[in-house]
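*Asks:* Okay, so here is query-v2.pdb, and as you'll see once you scroll down, it has PDB, C-alpha atoms.
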MODEL        1
ATOM      1  CA  MET A   9      36.182-103.751  11.315
ATOM      2  CA  LEU A  10      34.388-107.079  11.788
ATOM      3  CA  HIS A  11      35.278-109.999   9.561
ATOM      4  CA  ALA A  12      32.420-111.767   7.798
ATOM      5  CA  ASP A  13      32.858-114.859   9.990
ATOM      6  CA  ALA A  14      33.298-112.938  13.253
ATOM      7  CA  PRO A  15      30.425-113.187  15.734
ATOM      8  CA  ALA A  16      28.207-110.139  15.914
ATOM      9  CA  PRO A  17      28.607-107.997  19.020
ATOM     10  CA  PRO A  18      25.997-108.755  21.658
ATOM     11  CA  ALA A  19      22.828-106.730  21.243
ATOM     12  CA  ASP A  20      21.710-104.479  24.049
ATOM     13  CA  ARG A  21      18.754-102.216  24.640
ATOM     14  CA  GLU A  22      20.655 -99.166  23.494
ATOM     15  CA  THR A  23      21.197-100.564  20.003
ATOM     16  CA  ILE A  24      17.516-100.153  19.206
ATOM     17  CA  ALA A  25      17.796 -96.373  19.567
ATOM     18  CA  ARG A  26      18.240 -94.258  16.462
ATOM     19  CA  SER A  27      20.087 -90.965  16.342
ATOM     20  CA  ASP A  28      16.814 -89.172  15.587
ATOM     21  CA  ASP A  29      15.013 -90.684  18.612
ATOM     22  CA  HIS A  30      14.208 -88.289  21.428
ATOM     23  CA  ARG A  31      17.214 -87.748  23.683
ATOM     24  CA  ALA A  32      15.180 -88.872  26.731
ATOM     25  CA  LEU A  33      14.516 -92.229  25.077
ATOM     26  CA  ARG A  34      18.215 -92.668  24.272
ATOM     27  CA  ILE A  35      19.159 -91.812  27.883
ATOM     28  CA  TRP A  36      16.626 -94.302  29.233
ATOM     29  CA  LEU A  37      17.920 -97.046  26.937
ATOM     30  CA  ARG A  38      21.524 -96.290  27.934
ATOM     31  CA  MET A  39      20.618 -96.504  31.641
ATOM     32  CA  LEU A  40      18.856 -99.836  31.059
ATOM     33  CA  THR A  41      21.851-101.125  29.122
ATOM     34  CA  CYS A  42      24.306-100.113  31.848
ATOM     35  CA  THR A  43      22.120-101.670  34.538
ATOM     36  CA  HIS A  44      21.766-104.880  32.536
ATOM     37  CA  LEU A  45      25.517-105.129  31.840
ATOM     38  CA  ILE A  46      26.459-104.617  35.486
ATOM     39  CA  GLU A  47      23.774-107.031  36.692
ATOM     40  CA  GLN A  48      24.920-109.702  34.226
ATOM     41  CA  ARG A  49      28.523-109.387  35.424
ATOM     42  CA  VAL A  50      27.434-109.672  39.057
ATOM     43  CA  ARG A  51      25.162-112.669  38.312
ATOM     44  CA  SER A  52      27.985-114.438  36.494
ATOM     45  CA  ARG A  53      30.494-113.790  39.267
ATOM     46  CA  LEU A  54      28.094-114.940  41.990
ATOM     47  CA  ARG A  55      27.494-118.156  40.045
ATOM     48  CA  ASP A  56      31.176-118.760  39.253
ATOM     49  CA  ARG A  57      32.640-117.767  42.606
ATOM     50  CA  PHE A  58      29.944-118.923  45.036
ATOM     51  CA  GLY A  59      27.647-121.234  43.079
ATOM     52  CA  THR A  60      24.694-119.023  43.917
ATOM     53  CA  THR A  61      22.193-116.759  42.218
ATOM     54  CA  LEU A  62      21.393-113.077  42.529
ATOM     55  CA  PRO A  63      17.920-113.758  44.038
ATOM     56  CA  ARG A  64      19.511-115.943  46.742
ATOM     57  CA  PHE A  65      22.106-113.236  47.412
ATOM     58  CA  ASP A  66      19.365-110.579  47.573
ATOM     59  CA  LEU A  67      17.295-112.652  50.012
ATOM     60  CA  MET A  68      20.305-113.194  52.260
ATOM     61  CA  ALA A  69      21.059-109.445  52.072
ATOM     62  CA  GLN A  70      17.548-108.660  53.321
ATOM     63  CA  LEU A  71      17.978-111.106  56.197
ATOM     64  CA  GLU A  72      21.403-109.665  57.041
ATOM     65  CA  ARG A  73      19.748-106.244  57.427
ATOM     66  CA  HIS A  74      17.147-107.767  59.793
ATOM     67  CA  PRO A  75      19.052-109.950  62.292
ATOM     68  CA  GLY A  76      15.835-110.909  64.085
ATOM     69  CA  GLY A  77      14.531-112.356  60.846
ATOM     70  CA  LEU A  78      11.577-111.546  58.610
ATOM     71  CA  LYS A  79       8.244-113.160  57.930
ATOM     72  CA  MET A  80       7.800-114.605  54.446
ATOM     73  CA  ASN A  81       5.325-111.913  53.376
ATOM     74  CA  ALA A  82       7.753-109.172  54.459
ATOM     75  CA  LEU A  83      10.533-110.819  52.445
ATOM     76  CA  SER A  84       8.232-111.058  49.444
ATOM     77  CA  ARG A  85       7.306-107.376  49.728
ATOM     78  CA  LEU A  86      10.917-106.203  50.189
ATOM     79  CA  MET A  87      12.157-108.249  47.244
ATOM     80  CA  MET A  88       9.110-107.424  45.089
ATOM     81  CA  VAL A  89       8.530-111.047  44.099
ATOM     82  CA  THR A  90       5.779-113.563  44.767
ATOM     83  CA  GLY A  91       5.569-115.622  47.919
ATOM     84  CA  GLY A  92       6.105-118.749  45.823
ATOM     85  CA  ASN A  93       9.467-117.455  44.630
ATOM     86  CA  ILE A  94      10.495-116.677  48.198
ATOM     87  CA  THR A  95       9.393-120.110  49.422
ATOM     88  CA  SER A  96      11.490-121.831  46.769
ATOM     89  CA  ILE A  97      14.618-119.852  47.620
ATOM     90  CA  VAL A  98      14.097-120.288  51.370
ATOM     91  CA  ASP A  99      13.626-124.051  50.936
ATOM     92  CA  GLN A 100      16.976-124.275  49.121
ATOM     93  CA  LEU A 101      18.784-122.141  51.709
ATOM     94  CA  VAL A 102      17.283-124.140  54.609
ATOM     95  CA  LYS A 103      18.563-127.386  53.027
ATOM     96  CA  GLU A 104      22.025-125.831  52.802
ATOM     97  CA  GLY A 105      21.912-124.692  56.436
ATOM     98  CA  LEU A 106      22.170-120.990  55.525
ATOM     99  CA  VAL A 107      18.758-119.885  56.821
ATOM    100  CA  GLU A 108      16.311-121.243  59.363
ATOM    101  CA  ARG A 109      12.568-121.088  59.850
ATOM    102  CA  LEU A 110      11.381-120.041  63.286
ATOM    103  CA  ALA A 111       7.835-120.338  64.580
ATOM    104  CA  GLU A 112       6.052-117.001  64.790
ATOM    105  CA  PRO A 113       4.300-117.005  68.188
ATOM    106  CA  ALA A 114       1.806-114.282  67.228
ATOM    107  CA  ASP A 115       0.719-116.149  64.066
ATOM    108  CA  ARG A 116       0.794-119.944  64.158
ATOM    109  CA  ARG A 117       0.540-120.104  60.346
ATOM    110  CA  ALA A 118       3.598-117.899  59.773
ATOM    111  CA  TYR A 119       7.330-118.398  60.056
ATOM    112  CA  ARG A 120      10.133-115.969  60.644
ATOM    113  CA  ILE A 121      13.175-116.576  58.422
ATOM    114  CA  ARG A 122      16.670-115.646  59.561
ATOM    115  CA  LEU A 123      20.262-116.361  58.656
ATOM    116  CA  THR A 124      22.037-119.110  60.548
ATOM    117  CA  ARG A 125      25.606-118.538  61.770
ATOM    118  CA  ALA A 126      26.822-120.366  58.658
ATOM    119  CA  GLY A 127      24.567-118.134  56.557
ATOM    120  CA  GLU A 128      25.963-115.006  58.206
ATOM    121  CA  ARG A 129      29.534-116.120  57.433
ATOM    122  CA  ALA A 130      28.712-117.123  53.851
ATOM    123  CA  PHE A 131      26.847-113.880  53.180
ATOM    124  CA  ALA A 132      29.631-111.734  54.700
ATOM    125  CA  GLU A 133      32.126-113.287  52.273
ATOM    126  CA  MET A 134      29.791-112.852  49.291
ATOM    127  CA  ALA A 135      28.973-109.257  50.279
ATOM    128  CA  ARG A 136      32.668-108.312  50.512
ATOM    129  CA  GLU A 137      33.345-109.610  47.024
ATOM    130  CA  HIS A 138      30.078-108.203  45.643
ATOM    131  CA  GLU A 139      31.101-104.746  46.832
ATOM    132  CA  GLN A 140      34.535-105.110  45.189
ATOM    133  CA  TRP A 141      32.893-106.146  41.910
ATOM    134  CA  VAL A 142      30.580-103.127  41.922
ATOM    135  CA  VAL A 143      33.489-100.797  42.742
ATOM    136  CA  GLU A 144      35.443-102.339  39.855
ATOM    137  CA  LEU A 145      32.509-102.132  37.430
ATOM    138  CA  LEU A 146      31.948 -98.453  38.249
ATOM    139  CA  GLY A 147      35.694 -97.756  38.325
ATOM    140  CA  GLY A 148      35.632 -96.142  34.900
ATOM    141  CA  LEU A 149      34.373 -92.961  36.545
ATOM    142  CA  ALA A 150      36.311 -90.583  38.776
ATOM    143  CA  ARG A 151      35.066 -89.754  42.289
ATOM    144  CA  ARG A 152      33.818 -86.372  41.053
ATOM    145  CA  GLU A 153      31.884 -88.144  38.273
ATOM    146  CA  HIS A 154      30.371 -90.571  40.801
ATOM    147  CA  ASP A 155      29.182 -87.604  42.865
ATOM    148  CA  GLU A 156      27.729 -85.885  39.800
ATOM    149  CA  LEU A 157      25.998 -89.077  38.627
ATOM    150  CA  LEU A 158      24.487 -89.606  42.079
ATOM    151  CA  ARG A 159      23.249 -85.996  42.103
ATOM    152  CA  LEU A 160      21.736 -86.263  38.625
ATOM    153  CA  LEU A 161      20.076 -89.619  39.304
ATOM    154  CA  ALA A 162      18.614 -88.280  42.573
ATOM    155  CA  LYS A 163      17.163 -85.349  40.637
ATOM    156  CA  LEU A 164      15.756 -87.699  37.987
ATOM    157  CA  LYS A 165      14.287 -89.989  40.664
ATOM    158  CA  ALA A 166      12.613 -87.075  42.447
ATOM    159  CA  HIS A 167      11.093 -85.840  39.195
ATOM    160  CA  ALA A 168       9.874 -89.320  38.225
ATOM    161  CA  MET A 169       8.257 -89.708  41.654
ATOM    162  CA  GLU A 170       6.513 -86.341  41.254
ATOM    163  CA  THR A 171       5.057 -87.361  37.899
ATOM    164  CA  GLU A 172       3.449 -90.615  39.124
ATOM    165  CA  SER A 173      -0.019 -91.060  37.740
TER
ENDMDL
END
Before anything else, please render the file you have as structure tokens.

*Replies:*
Amino acid sequence: MLHADAPAPPADRETIARSDDHRALRIWLRMLTCTHLIEQRVRSRLRDRFGTTLPRFDLMAQLERHPGGLKMNALSRLMMVTGGNITSIVDQLVKEGLVERLAEPADRRAYRIRLTRAGERAFAEMAREHEQWVVELLGGLARREHDELLRLLAKLKAHAMETES
């Protein structure tokens, strides 16, 4: 029981659901809530442990997957954000020596962005810890439950893709 002067528990998307709401709506709100909670924990840990943000981590992850680098428009497309957002993050990471801009010979107006050696080392350390955090955050489920959740979400994803307008 909460005391009158105790802070209210943090609100989440699921709290807006009522017991008489359609089950599909309640499932959707629970998935959003779980995603938000996990993302918030990861954001907080990246900030506290590495002094970085999730968008910076995500950009470095894309570059780690493409050792030859990526053009700015490809980064923007992969991260599903505007070119202006990418430029801002890249500018910060260049100043810190974690990424570099390389001239794109085929297009004199474009640059290819890639991790520097220091960026590769920094990202490898962040990625190791990030993986441990996600394992910990999903540790409330047994292996069998992980497998079942993956199967169910794949089925849901396939159905959602089939029902695109």

*Asks:* Report the centre and edge lengths, in Å to one decimal, of an axis-aligned box enclosing every atom of range 122-139 of chain A listed in the file, padded by 3 Å on each side, as lines of an AutoDock Vina configuration file.

*Replies:*
center_x = 25.0
center_y = -112.6
center_z = 53.7
size_x = 22.7
size_y = 21.6
size_z = 22.1

*Asks:* Tell me, in Å to one decimal, how far CA of Gly77 in chain A is from CA of Arg125 in chain A.

*Replies:* 12.7 Å

*Asks:* Hey, could you make a per-residue contact list for range 82-163 of chain A against range 37-43 of chain A with 12 Å as the cut-off, showing the nearest pair of atoms and its distance in Å to one decimal, counting only C-alpha atoms, sorted by chain and number, as a tab-separated table?

*Replies:*
residue	atom	partner	partner_atom	distance
A:Val142	CA	A:Thr43	CA	11.3
A:Leu145	CA	A:Cys42	CA	10.1
A:Leu146	CA	A:Cys42	CA	10.1
A:Leu157	CA	A:Met39	CA	11.5
A:Leu161	CA	A:Met39	CA	10.3

*Asks:* Using Å and a single decimal, report how far CA of Arg31 in chain A sits from CA of Leu149 in chain A.

*Replies:*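 Interatomic distance, CA of Leu149 in chain A to CA of Arg31 in chain A: 22.1 Å.
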
*Asks:* Between CA of Asp115 in chain A and CA of Leu83 in chain A, measure the distance and give it in Å to one decimal.

*Replies:*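 Separation of CA of Asp115 in chain A and CA of Leu83 in chain A: 16.1 Å.
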
*Asks:* Which residue out of A:Met88, A:Leu101, A:Ala82, A:Leu160 has the minimum interatomic distance to Ala118 in chain A when all atoms listed in the file are used?

*Replies:*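 Distance minimum relative to Ala118 in chain A lands on A:Ala82.
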
*Asks:* With distances taken over all atoms listed in the file, which of A:Ile35, A:Leu123, A:Val143, A:Leu67 is nearest to Val89 in chain A?

*Replies:*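 Of A:Ile35, A:Leu123, A:Val143, A:Leu67, the one nearest Val89 in chain A is A:Leu67, counting all atoms listed in the file.
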
*Asks:* Can you pull out every residue within 8 Å of Glu108 in chain A, counting only C-alpha atoms, but drop anything in the same chain fewer than 6 positions away, and send it as a list of chain:residue names?

*Replies:* A:Val102, A:Ile121, A:Arg122, A:Leu123, A:Thr124

*Asks:* Restricting it to C-alpha atoms, dump the selection as a short mmCIF file (atom, residue, chain, number, x, y, z; two decimals), in the frame of the given file.

*Replies:*
data_model
loop_
_atom_site.label_atom_id
_atom_site.label_comp_id
_atom_site.auth_asym_id
_atom_site.auth_seq_id
_atom_site.Cartn_x
_atom_site.Cartn_y
_atom_site.Cartn_z
CA VAL A 102 17.28 -124.14 54.61
CA ILE A 121 13.18 -116.58 58.42
CA ARG A 122 16.67 -115.65 59.56
CA LEU A 123 20.26 -116.36 58.66
CA THR A 124 22.04 -119.11 60.55
#

*Asks:* Looking at A:Thr171, A:Gln140, A:Asn81, A:Asn93, which one is nearest to Arg64 in chain A, with distances taken over all atoms listed in the file?

*Replies:*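 Ranked by minimum distance to Arg64 in chain A, first place goes to A:Asn93.
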
*Asks:* Can you pull out the residues contacting Gly91 in chain A? Cut-off 12 Å, using only C-alpha atoms, and skip same-chain residues under 5 positions away; I want them as an MDAnalysis selection string.

*Replies:* chainID A and resid 79:86 96:98

*Asks:* Between A:Ala162, A:Ala135, A:Ala126, A:Leu110, which is the closest to Gln70 in chain A once you count all atoms listed in the file?

*Replies:*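 Comparing A:Ala162, A:Ala135, A:Ala126, A:Leu110 against Gln70 in chain A, the winner is A:Ala135.
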
*Asks:* Going by the chain IDs and residue numbers used in this file, which residues fall under the PyMOL selection byres ((chain A and resi 49) around 12)? Write them as a count of residues only.

*Replies:* 23
